[in-house]
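Quick notes on the structure that follows.
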Amino acid sequence: MPDLEDDDEWEIEEVKDKAIIKGTTHYLVKWEGWPTEYNQWISKEDIDNAQNAIRRYEKNKKRKSNVKKSVGMKN
């Protein structure tokens with residue numbers, strides 16, 4: 001499992017979810033090369049080198065939200 005306390009930098013494959021934990025934004029990240037059971041909640045401040053992954057997550061989340069809204073309007 002990636003050890004965030006060492007000086008190595010781990011590559012984020014994908015941001016899977018977002019939550020507010022103790023008043024701070026956290027993202028559930030999937031580490032590149034690691035199985036999903038090693039996904040971790042990481043604070044936004046600790047993953048500032050992964051802005052592209054965060055943008056992809058936010059864009060995908062917004063697109064899914066828009067699809068749900070348009071499907072709901074058709075009913």
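So you can find residues: chains in the structure tokens are A, B, ... in the order shown, residues in each start at 1, and ligands are numbered from 1 in order.
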
Long-range neighbours of segment 10-26 of chain A as a VMD selection string, 6 Å cut-off, only C-alpha atoms, 4 positions minimum in chain: chain A and resid 30 to 32 41 to 44 53 57

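The gap separating atom CA of Ile47 of chain A from atom CA of Tyr27 of chain A is 8.7 Å, in Å to one decimal.
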
Length of the atom CA of Ser65 of chain A to atom CA of Asn52 of chain A vector [Å]: 19.9 Å

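Each of A:Glu9, A:Pro35, A:Gln40, A:Leu28 was checked against Ile54 of chain A using only C-alpha atoms; the smallest atom-to-atom distance is that of A:Leu28.
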
Alpha helix (DSSP H) positions in segment 9-74 of chain A, given as JSON, numbers by chain: {"A": [51, 52, 53, 54, 55, 56, 57, 58, 59, 60, 61, 62, 63, 64, 65, 66, 67, 68, 69, 70, 71, 72, 73, 74]}

Could you save the residues just selected, with N, CA and C atoms, as a tab-separated table (two decimals), in the first residue's frame?
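That gives us again20.tsv:
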chain	number	residue	atom	x	y	z
A	51	GLN	N	-4.20	17.75	-10.09
A	51	GLN	CA	-5.31	18.61	-10.48
A	51	GLN	C	-6.04	18.10	-11.71
A	52	ASN	N	-5.32	17.46	-12.63
A	52	ASN	CA	-5.99	16.90	-13.81
A	52	ASN	C	-6.97	15.80	-13.42
A	53	ALA	N	-6.57	14.94	-12.50
A	53	ALA	CA	-7.46	13.86	-12.04
A	53	ALA	C	-8.69	14.44	-11.34
A	54	ILE	N	-8.50	15.49	-10.58
A	54	ILE	CA	-9.62	16.14	-9.90
A	54	ILE	C	-10.56	16.78	-10.93
A	55	ARG	N	-10.00	17.45	-11.92
A	55	ARG	CA	-10.83	18.07	-12.97
A	55	ARG	C	-11.63	17.02	-13.73
A	56	ARG	N	-10.99	15.89	-14.06
A	56	ARG	CA	-11.70	14.82	-14.76
A	56	ARG	C	-12.86	14.30	-13.91
A	57	TYR	N	-12.60	14.12	-12.61
A	57	TYR	CA	-13.67	13.65	-11.70
A	57	TYR	C	-14.82	14.65	-11.67
A	58	GLU	N	-14.52	15.92	-11.48
A	58	GLU	CA	-15.56	16.95	-11.38
A	58	GLU	C	-16.35	17.05	-12.70
A	59	LYS	N	-15.67	16.98	-13.83
A	59	LYS	CA	-16.34	17.05	-15.13
A	59	LYS	C	-17.26	15.85	-15.32
A	60	ASN	N	-16.77	14.66	-14.98
A	60	ASN	CA	-17.57	13.44	-15.10
A	60	ASN	C	-18.78	13.49	-14.17
A	61	LYS	N	-18.59	13.97	-12.95
A	61	LYS	CA	-19.68	14.08	-11.98
A	61	LYS	C	-20.75	15.06	-12.49
A	62	LYS	N	-20.31	16.16	-13.05
A	62	LYS	CA	-21.25	17.15	-13.58
A	62	LYS	C	-22.03	16.57	-14.76
A	63	ARG	N	-21.34	15.84	-15.64
A	63	ARG	CA	-22.00	15.24	-16.80
A	63	ARG	C	-23.05	14.22	-16.34
A	64	LYS	N	-22.72	13.40	-15.35
A	64	LYS	CA	-23.68	12.42	-14.83
A	64	LYS	C	-24.88	13.12	-14.22
A	65	SER	N	-24.66	14.21	-13.52
A	65	SER	CA	-25.74	14.97	-12.91
A	65	SER	C	-26.66	15.54	-13.99
A	66	ASN	N	-26.09	16.06	-15.07
A	66	ASN	CA	-26.89	16.61	-16.17
A	66	ASN	C	-27.70	15.52	-16.85
A	67	VAL	N	-27.15	14.33	-16.99
A	67	VAL	CA	-27.87	13.22	-17.60
A	67	VAL	C	-29.07	12.84	-16.73
A	68	LYS	N	-28.85	12.76	-15.42
A	68	LYS	CA	-29.95	12.42	-14.50
A	68	LYS	C	-31.06	13.46	-14.59
A	69	LYS	N	-30.69	14.73	-14.66
A	69	LYS	CA	-31.68	15.80	-14.75
A	69	LYS	C	-32.49	15.69	-16.03
A	70	SER	N	-31.81	15.44	-17.15
A	70	SER	CA	-32.53	15.35	-18.42
A	70	SER	C	-33.42	14.11	-18.48
A	71	VAL	N	-33.00	13.00	-17.88
A	71	VAL	CA	-33.82	11.79	-17.84
A	71	VAL	C	-35.05	12.05	-16.98
A	72	GLY	N	-34.88	12.74	-15.85
A	72	GLY	CA	-35.99	13.06	-14.96
A	72	GLY	C	-37.01	13.99	-15.62
A	73	MET	N	-36.56	14.86	-16.50
A	73	MET	CA	-37.45	15.79	-17.17
A	73	MET	C	-38.31	15.10	-18.22
A	74	LYS	N	-37.85	13.98	-18.75
A	74	LYS	CA	-38.60	13.27	-19.78
A	74	LYS	C	-39.78	12.51	-19.20
